[in-house]
Amino acid sequence: MKAEDEQAFREFVTSQMASLRKLAYMTCGDWHTAEDAVANALVKLYPRWRKLERPDLYVKTMVYRAAVDETRRPWRRERSAGDAMPDVTVRDTAATTDERMRLWAALETVPARQRAAVVLRHYLDLSLEDTAAVLDCTVGTAKSQVSRGLAKLREALGGEHLNLTGRPIGEWTHAVA
């Protein structure tokens with residue numbers, strides 16, 4: 001790979017890393033698995049870098065698929081003693097933490113493909129066309145997946161209003177950069 005292509009790839013990875021990690025985490029629900037999914041996707045992206053017209057959509061598709069694949073692996077079903085240890089918590093205000101926990105608990109009830117569609121569309125703010133491209137489906141299918149995912153999310157929240165007004169989306173989701 002040429003030096004300028006390599007530099008462009010590095011800049012792309014630097015600018016997209018947080019977004020890719022969030023997508024993977026929201027898809028699989030585990031930071032370690034999300035890290036593995038992003039790393040695997042970037043390794044596969046590197047040799048194809050120069051040939052791609054829209055590497056941002058291509059890598060999001062790869063990360064989504066890798067995150068789903070990571071949760072399907074047989075070794076993933078085994079639990080180690082370390083899994084019982086609590087995660088290190090980040091200091092946060094109580095209200096924001098409560099809202100974040102409610103949102104994550106509600107998101108976990110949404111099927112993986114619908115959750116990914118909702119995250120791509122509303123969390124990462126992709127268009128329906130880009131969401132469909134990442135999910136490898138038609139625009140109509142992406143639209144129905146988003147709609148069904150939002151309906152499941154509303155159902156999981158039990159009609160309660162999620163207090164997110166006045167806060168950027170990054171403040172109410174768990175996004176460790």
# chains A, B, ... in the order shown; residues from 1 in each chain; ligands from 1
call {"tool": "residues_around", "arguments": {"residues": "Val63 (chain A)", "least_positions_apart": "3", "cutoff": "12 Å", "atoms": "only C-alpha atoms", "output": "ChimeraX atom specification"}}
result
/A:16-17,19-28,33-45,55-60,66-70,116,120,134-135
call {"tool": "write_last_selection", "arguments": {"atoms": "C-alpha atoms", "output": "short mmCIF file (atom, residue, chain, number, x, y, z; two decimals), in the first residue's frame"}}
result
data_model
loop_
_atom_site.label_atom_id
_atom_site.label_comp_id
_atom_site.auth_asym_id
_atom_site.auth_seq_id
_atom_site.Cartn_x
_atom_site.Cartn_y
_atom_site.Cartn_z
CA GLN A 16 -14.31 6.27 12.88
CA MET A 17 -13.05 4.19 15.84
CA SER A 19 -18.44 5.21 16.17
CA LEU A 20 -17.48 1.65 15.20
CA ARG A 21 -16.97 0.62 18.83
CA LYS A 22 -20.36 2.05 19.76
CA LEU A 23 -22.05 0.21 16.89
CA ALA A 24 -20.41 -3.07 17.88
CA TYR A 25 -21.24 -2.60 21.56
CA MET A 26 -24.86 -1.72 20.85
CA THR A 27 -25.11 -4.80 18.63
CA CYS A 28 -23.53 -7.37 20.95
CA THR A 33 -16.53 -8.58 22.13
CA ALA A 34 -17.10 -5.19 20.51
CA GLU A 35 -13.36 -4.50 20.50
CA ASP A 36 -12.70 -7.89 18.88
CA ALA A 37 -15.38 -7.27 16.25
CA VAL A 38 -13.96 -3.85 15.34
CA ALA A 39 -10.40 -5.18 15.19
CA ASN A 40 -11.43 -8.09 12.96
CA ALA A 41 -13.36 -5.77 10.65
CA LEU A 42 -10.45 -3.33 10.34
CA VAL A 43 -8.03 -6.16 9.56
CA LYS A 44 -10.32 -7.25 6.71
CA LEU A 45 -10.79 -3.65 5.53
CA PRO A 55 -15.34 2.64 3.12
CA ASP A 56 -17.45 4.10 5.95
CA LEU A 57 -20.51 2.04 5.00
CA TYR A 58 -18.43 -1.01 4.16
CA VAL A 59 -16.69 -1.06 7.54
CA LYS A 60 -19.96 -0.48 9.43
CA ALA A 66 -18.51 -9.34 13.09
CA ALA A 67 -20.34 -8.35 16.28
CA VAL A 68 -23.18 -10.74 15.50
CA ASP A 69 -20.71 -13.50 14.56
CA GLU A 70 -18.73 -13.02 17.78
CA ALA A 116 -28.67 -2.62 14.94
CA LEU A 120 -27.54 2.86 12.86
CA VAL A 134 -24.87 -1.63 6.25
CA LEU A 135 -27.54 -4.24 6.99
#
call {"tool": "closest_residue", "arguments": {"among": "A:Thr61, A:Thr109, A:Thr96, A:Thr14", "to": "Glu155 (chain A)", "atoms": "only C-alpha atoms"}}
result
A:Thr109
call {"tool": "residues_around", "arguments": {"residues": "Ala132 (chain A)", "least_positions_apart": "4", "cutoff": "12 Å", "atoms": "only C-alpha atoms", "output": "ChimeraX atom specification"}}
result
/A:57-58,60-61,113-114,116-118,120-121,126-128,136-146
call {"tool": "closest_residue", "arguments": {"among": "A:Arg148, A:Lys51, A:Arg154, A:Lys2", "to": "Pro111 (chain A)", "atoms": "only C-alpha atoms"}}
result
A:Arg148
call {"tool": "atom_distance", "arguments": {"atom1": "CA of Arg102 (chain A)", "atom2": "CA of Arg65 (chain A)"}}
result
25.8 Å
call {"tool": "atom_distance", "arguments": {"atom1": "CA of Arg10 (chain A)", "atom2": "CA of Asp130 (chain A)"}}
result
22.7 Å
call {"tool": "closest_residue", "arguments": {"among": "A:Asp98, A:Asp125, A:Arg50, A:Ala156", "to": "Glu6 (chain A)", "atoms": "only C-alpha atoms"}}
result
A:Arg50
call {"tool": "atom_distance", "arguments": {"atom1": "CA of Tyr46 (chain A)", "atom2": "CA of Phe9 (chain A)"}}
result
7.6 Å
call {"tool": "closest_residue", "arguments": {"among": "A:Val110, A:Trp31, A:Thr97, A:Ala3", "to": "Leu157 (chain A)", "atoms": "only C-alpha atoms"}}
result
A:Val110
